[in-house]
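Trainee: Below: one structure in structure tokens.
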Amino acid sequence: MAEQHSTGPTTAARAAVDAANAVDGVDAVDAVTGTAAGAVGEIAASTVTGPVAVSIGRRPEPVHEVAVYAFDGMTPFELGVVVEVFGLARPELSGLLAAPWYGLRVCADRPGTPLRSVGGFSLTAEHGLDDLAAADTVVVPGVPNAFGGVVSPALVEALRTAHERGARIVSICSGAFALAAAGLLDGQEATTHWRYAALLRQRHPAVRVNPDVLYVDNGSVLTSAGSAAGIDLCLHLVRRDHGAKVANSVARRFVVPPHRDGGQAQFIEAAVRPVEEEDDGVARSMQWALDHLADPLTVTGLARAARMSDRSYLRHFTARNGTSPMRWVISQRVAASLPLLEAPDGTVEEIAGAVGFESAATFRHHFGRVMRTSPTAYRRSFGRGAA
């Protein structure tokens, strides 16, 4: 039977009003115009000329819009990181999200104009800088030529407009030069790729450049180091917005750790080492450690799980992971504590013991070093019921 639409006041509309009157805090939405009527009486008094959809209960939360800047001559990796984290459909998060997943827009100075990328291909951004300035989070994944010193004036203006609106402004790698050009880093700590750090400090002396960290979170303005550190910062944003469990799920799909300990100094001039057969033992020991985080863990115990001598294990573990075994264990224990801190149950002392720290004082010390905040402050910001 064909669907029929009435051109006059409909029975469905009257039924909707009756249903709405029975529920507190109801919002009715006209499916044709998309306008909301907060008062049920307005619907009853109006003439409905099309199908009506009624939303019962709370008004749905708006989607958090992320805008990423694309430019001619870009390297695609940093842009791809932002698209992967914020633009990919994530059905695996069904049931975990308390708010909608992000919306993503790729923006450029001249939308519709092909932009050349390193590697011999082009892409076209559908959105302009007006959309970038209107977004909730703005990501600048780089600038065309950090050493050249020229930042798009239109981008600078859009960043200032977005910041004045209260948007969150983020840079990856050389994108920090755009944020600095807009004056958003004056008096703030910031980071960039280690090879650009001295230049950023020289060109923008009001910025406190820290070349030793993977990212810096100043609240509404965040900066990250080179390329892959953009993954760390994007996961940090997801953790801020949706909690550790969601960020861990995104990291798992990305096939990266949800949080990396240490700074970018460990990667400067580091030699690339071949993977050896014995490294399988290192991977086996890491999985064993993750299964026994609450137990006392030592290098000797990890080496035994890897079936190596202590000396051989230390050498192979450091070559594979760029850090020591116990430093890695500490970072994993801190990561394991995050979902526990977000839950309402359990004291800091209980959580410290649950993830393997000897005392709450030790937990607080290592948590502060890794996360740059305290367990209590993290719980206050990200615990269930936090604003």
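Identifiers in this document derive from the order of the structure tokens: chains are assigned A, B, ..., residues are numbered from 1 separately in each chain, and ligands are numbered from 1 in order of occurrence.
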So that I can see what lies close to stretch 98-111 of chain A, please list as a list in words the residues with an atom at most 6 Å from it, counting only C-alpha atoms and leaving out residues fewer than 3 positions away in the same chain.
Mentor: Val63, His64, Glu65, Val66, Ala67, Val68, Tyr69, Ala70, Phe86, Gly87, Ala125, Glu126, His127, Gly128 and Leu129 of chain A
Trainee: Identify, with DSSP run on backbone atoms, the residues in stretch 186-233 of chain A assigned to strand (DSSP E), and express the list as number ranges by chain.
Mentor: A: 189-190, 208-209, 215-217, 221-224
Trainee: How many Å lie between atom CA of A:Leu88 and atom CA of A:Phe254, rounded to one decimal?
Mentor: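 Value for the atom CA of A:Leu88-atom CA of A:Phe254 distance: 11.1 Å.
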Trainee: When you look at stretch 169-177 of chain A with a cut-off of 7 Å (counting only C-alpha atoms), what residues show up, excluding the ones that are within fewer than 2 positions of it in the same chain? I need them as a PDB file with C-alpha atoms, in the first residue's frame.
Mentor:
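To be explicit, this is the file written out as out_32.pdb:
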```pdb
ATOM      1  CA  THR A 137      38.451  21.433  17.011  1.00  0.00           C
ATOM      2  CA  VAL A 138      40.883  22.736  14.394  1.00  0.00           C
ATOM      3  CA  VAL A 139      43.953  20.687  13.438  1.00  0.00           C
ATOM      4  CA  VAL A 140      46.891  22.113  11.481  1.00  0.00           C
ATOM      5  CA  PRO A 141      49.016  19.096  10.459  1.00  0.00           C
ATOM      6  CA  GLY A 142      51.860  21.167   9.031  1.00  0.00           C
ATOM      7  CA  VAL A 143      52.782  24.227   7.019  1.00  0.00           C
ATOM      8  CA  ALA A 146      58.622  25.772   7.948  1.00  0.00           C
ATOM      9  CA  HIS A 163      40.225  30.501  19.018  1.00  0.00           C
ATOM     10  CA  ALA A 167      37.482  26.256  19.595  1.00  0.00           C
ATOM     11  CA  LEU A 179      49.663  28.582  15.677  1.00  0.00           C
ATOM     12  CA  ALA A 180      52.639  30.733  16.657  1.00  0.00           C
ATOM     13  CA  ALA A 181      52.043  33.083  13.714  1.00  0.00           C
ATOM     14  CA  THR A 192      57.228  20.707  17.366  1.00  0.00           C
ATOM     15  CA  HIS A 193      59.470  18.281  15.494  1.00  0.00           C
ATOM     16  CA  LEU A 200      60.503  27.994  16.277  1.00  0.00           C
ATOM     17  CA  SER A 220      42.425  24.913  24.375  1.00  0.00           C
ATOM     18  CA  VAL A 221      45.729  24.932  22.459  1.00  0.00           C
ATOM     19  CA  LEU A 222      47.702  21.720  21.943  1.00  0.00           C
ATOM     20  CA  THR A 223      50.891  21.009  19.995  1.00  0.00           C
ATOM     21  CA  SER A 224      52.653  17.768  19.073  1.00  0.00           C
ATOM     22  CA  ALA A 225      56.074  16.768  17.818  1.00  0.00           C
ATOM     23  CA  GLY A 226      56.877  15.170  14.480  1.00  0.00           C
ATOM     24  CA  SER A 227      54.556  13.007  12.386  1.00  0.00           C
ATOM     25  CA  GLY A 230      50.292  13.320  15.970  1.00  0.00           C
TER      26      GLY A 230
END
```
Trainee: Which residue, A:Val238, A:Ala182, A:Val213, A:Val355, has the smallest gap to A:Leu97 when you use only C-alpha atoms?
Mentor: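 Nearest to A:Leu97: A:Val238.
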Trainee: May I have the residues within 12 Å of A:Met308 as a PyMOL selection string, using only C-alpha atoms and disregarding those fewer than 6 positions away in the same chain?
Mentor: chain A and resi 278-282+284-285+299-302+314-317
